[in-house]
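Colleague: Sharing a structure below in structure tokens format, with a few things to ask.
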Amino acid sequence: MQTVVNTETTQLFIIGGGPTGLTASILLSQLGVPHILVERRTGPQPAPAAHVVNTRSMEIFRQAGLPMDEIYALNSHPQARYVTWSTDLKSAPIGKFDLLGDEGRLLARMNMSQDRVANISQPKLEMALAEKAASFDGADIRMGWEWKGFRKDGTSLVQAPDGTEVGIEAAYTLAADGAGSPVARALGVKKNGPETIAQFLNLSCKVDLTKIVGEREVLLYWCLDPEIFGTCIVHDPKNLTVFMVPLFGPLESYDDARCAGMLDKLFGPDVPYELLYKGVWNMSAQVAERYRVGNVFLLGDAAHRFPPTGGLGLNSGVCDAHNLVWKIAARLQGSAADELLDSYEIERKPVAQRNCDKSYSNNDGLQNILTAIGLDPAKGLNQPIHELLEAASAPDEKGEAIRARVNEAVENERDHFDAPGMEVGFIYHGGCALSAASGATPDNDAGSFEPRALPGARLPHVVLEGMPGVASTLDVIAYDAYTLFTDGSAPAVTQPTFGMPTKVLDISSESFAANKARVAEALELKAGQWILVRPDGHVAARG
Ligand SMILES: Cc1cc2nc3c(=O)[nH]c(=O)nc-3n(C[C@H](O)[C@H](O)[C@H](O)COP(=O)(O)OP(=O)(O)OC[C@H]3O[C@@H](n4cnc5c(N)ncnc54)[C@H](O)[C@@H]3O)c2cc1C
């Protein structure tokens with residue numbers, strides 16, 4: 001007997017309730033698009049993976065209406081300032097990187113945005129996103145529901161927690177189902193790039209690290225002692241440290257006893273710890289060949305998987321959602337042509353490739369630091385590591401010379417850890433939502449960011465004073481409309497706005513009086529000129 005499956009209909013169907021799917025859900029709700037989201041987990045994500053939530057993600061969360069004070073309060077390591085390389089947690093650093101950099105870099109970051117990078121453990125961020133996503137009437141968030149596949153007619157088959165199967169028919173489907181993306185596999189979408197560069201164990205521990213290192217402002221410790229070779233990511237100095245161990249040898253050899261031995265040595269005999277999570281993950285560097293198949297779109301890790309060196313994975317997923325959602329809403333609600341949706345892949349895929357390449361080269365660049373210490377990365381454990389580390393740590397002239405060399409190598413990797421050009425400086429080239437001139441906008445190097453109000457670039461942040469409820473030019477951009485900045489006379493703008501309304505802001509008007517000079521200078525806006533900004537804050541055109 002054939003089972004009859006009920007089919008539900010929705011405008012939008014999201015598969016996956018990680019950071020990407022949840023951001024998409026919140027943005028859709030802000031635009032009044034009803035949708036269903038299925039997430040196969042029943043509770044929060046167990047593995048604390050991401051912790052660097054970058055400036056652009058924070059700006060997007062602000063535009064999405066998240067309570068920003070509460071989001072910043074999730075930062076459980078606000079003093080984080082350094083990345084170090086040392087023998088173990090207790091020993092003095094052989095190399096040290098200052099994430100804040102010099103005064104010039106700090107000032108540039110402060111001028112770049114009203115928002116800033118925050119260290120938020122991924123499960124905590126996801127819980128905040130999930131709470132916001134569930135607060136909208138139009139969002140049907142289903143935890144414990146699993147997407148099982150596409151049926152012959154293209155509709156989705158999902159399984160409820162009680163085992164019941166339900167069909168979902170949607171105008172559009174967003175696959176935010178993570179690195180293993182069952183949807184991408186079902187669609188036969190290939191991913192270019194290496195699937196396994198290395199494998200790592202994630203050993204997440206409840207531990208008070210301050211009992212070992214004091215109140216040190218370190219975010220990442222690269223421990224080089226061969227018995228505990230790995231990276232400690234400090235999510236919360238008093239509560240949560242994730243120890244990332246590269247696998248040398250088969251996974252089976254890392255049994256519980258061996259892992260406990262490593263953690264005992266890492267934390268020492270006097271500091272209690274509890275292993276909260278043990279899992280293995282693949283370091284990959286892949287970008288999907290296609291982001292769209294019919295009315296199904298791939299977002300986040302489903303579309304790209306980067307080495308975590310650079311902290312660009314979660315952040316790229318947030319930007320993917322932000323780029324796509326307003327376009328889909330315009331298509332569903334207005335008169336936008338289907339080609340607007342094609343611009344998602346045209347715009348986001350090159351950014352993903354750039355992020356992927358940079359994350360990969362960041363990972364490679366770490367080898368230069370080991371080389372400066374005197375280690376040969378190719379030899380692995382087959383070298384006198386203890387002797388080399390002792391020499392590099394010695395309080396003598398030779399040791400000092402090695403440390404100077406190491407710190408030079410560390411500084412050469414600055415744009416691994418401090419990359420405003422990747423965070424907010426990515427440019428959309430081409431794409432039907434931009435003027436043809438967009439190709440002329442220069443890319444920012446990873447390590448630098450020059451705010452320019454040119455097509456494809458994110459609108460420069462300019463502080464706005466005396467305007468109720470807004471503190472930045474980015475705050476006046478509406479997600480449900482184009483925004484046209486003018487200076488005086490009304491221009492004849494011929495750029496398409498895809499059936500969406502246009503909000504006109506005349507910087508010569510009374511309300512801008514206190515800000516006009518600054519805005520005009522930063523946006524390079526002279527009398528009679530205009531700048532058209534997309535709902536996602538990227539400049540569409542200027543004239
Ligand atoms: C060690 C480490 C450190 C990292 N650090 C950073 C960092 O500092 N900054 C950063 O930006 N990124 C970082 N990342 C990357 C980041 O964790 C990922 O990029 C991010 O989780 C991707 O989010 P996502 O929502 O696209 O996918 P995921 O987080 O993988 O979410 C996908 C969701 O889909 C669900 N799902 C899958 N299949 C189905 C199905 N069939 N039905 C229903 N639901 C399904 C899954 O349960 C999951 O919850 C790090 C990664 C690692 C491993």
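Scheme for the structure tokens: letters A, B, ... for chains in order shown; per-chain residue numbers from 1; ligand numbers from 1 in order shown.
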Using DSSP assignments from the backbone, pull out every residue in stretch 146-315 of chain A that falls under alpha helix (DSSP H) and give it to me as an MDAnalysis selection string.
Modeller: chainID A and resid 182:187 210:213 256:267 313:315
Colleague: Keeping only C-alpha atoms, write the selected residues to a file as an mmCIF file, in the first residue's frame.
Modeller:
```
data_model
loop_
_atom_site.group_PDB
_atom_site.id
_atom_site.type_symbol
_atom_site.label_atom_id
_atom_site.label_comp_id
_atom_site.auth_asym_id
_atom_site.auth_seq_id
_atom_site.Cartn_x
_atom_site.Cartn_y
_atom_site.Cartn_z
ATOM 1 C CA PRO A 182 22.400 16.896 0.946
ATOM 2 C CA VAL A 183 20.540 19.312 -1.351
ATOM 3 C CA ALA A 184 23.656 20.137 -3.428
ATOM 4 C CA ARG A 185 24.342 16.399 -3.713
ATOM 5 C CA ALA A 186 20.767 15.653 -4.757
ATOM 6 C CA LEU A 187 21.000 18.361 -7.412
ATOM 7 C CA THR A 210 42.624 32.053 33.525
ATOM 8 C CA LYS A 211 43.803 29.584 36.195
ATOM 9 C CA ILE A 212 46.597 28.628 33.791
ATOM 10 C CA VAL A 213 47.404 31.801 31.895
ATOM 11 C CA ASP A 256 39.249 8.725 24.400
ATOM 12 C CA ALA A 257 42.306 7.752 26.453
ATOM 13 C CA ARG A 258 44.699 9.476 24.038
ATOM 14 C CA CYS A 259 42.536 12.622 23.929
ATOM 15 C CA ALA A 260 42.325 12.710 27.733
ATOM 16 C CA GLY A 261 46.119 12.384 27.856
ATOM 17 C CA MET A 262 46.511 15.374 25.546
ATOM 18 C CA LEU A 263 44.044 17.505 27.520
ATOM 19 C CA ASP A 264 45.667 16.524 30.856
ATOM 20 C CA LYS A 265 48.976 17.724 29.516
ATOM 21 C CA LEU A 266 47.506 20.838 27.913
ATOM 22 C CA PHE A 267 45.705 22.091 31.022
ATOM 23 C CA GLY A 313 32.854 30.895 6.568
ATOM 24 C CA LEU A 314 29.929 31.928 8.731
ATOM 25 C CA ASN A 315 30.430 35.531 7.722
#
```
Colleague: Name all residues at most 7 Å from A:Arg142 (count only C-alpha atoms; drop same-chain ones fewer than 6 positions away) and give them as number ranges by chain.
Modeller: A: 37-39
Colleague: Restrict the selected residues to N, CA, C and O atoms and save them as a JSON list (two decimals), in the first residue's frame.
Modeller:
```json
[["chain", "number", "residue", "atom", "x", "y", "z"],
["A", 37, "LEU", "N", 11.03, 26.87, 7.66],
["A", 37, "LEU", "CA", 12.44, 26.48, 7.80],
["A", 37, "LEU", "C", 12.48, 25.13, 8.51],
["A", 37, "LEU", "O", 11.84, 24.97, 9.57],
["A", 38, "VAL", "N", 13.20, 24.18, 7.94],
["A", 38, "VAL", "CA", 13.39, 22.90, 8.66],
["A", 38, "VAL", "C", 14.84, 22.75, 9.08],
["A", 38, "VAL", "O", 15.77, 23.07, 8.33],
["A", 39, "GLU", "N", 15.03, 22.29, 10.29],
["A", 39, "GLU", "CA", 16.37, 22.03, 10.85],
["A", 39, "GLU", "C", 16.32, 20.66, 11.50],
["A", 39, "GLU", "O", 15.47, 20.41, 12.36]]
```
Colleague: Which residue gives the smallest distance to A:Asp140 among A:Thr497, A:Asn362, A:Thr309, A:Gln11, with only C-alpha atoms counted?
Modeller: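 Ranked by minimum distance to A:Asp140, first place goes to A:Gln11.
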Colleague: Report as a list in words all protein, DNA and RNA residues lying within 9 Å of A:Tyr360, evaluated on only C-alpha atoms, omitting residues in the same chain fewer than 3 positions from it.
Modeller: Ser284, Ala285, Phe306, Pro307, Pro308, Thr309, Gly310, Asn355, Cys356, Asp357, Asn363, Asp364 and Gly365 of chain A
Colleague: Please list as a PyMOL selection string every residue within 9 Å of stretch 119-131 of chain A, counting only C-alpha atoms and excluding residues in the same chain fewer than 6 positions away.
Modeller: chain A and resi 17-19+22-23+26+44-54+66+70-78+80+141+219+235-236+314
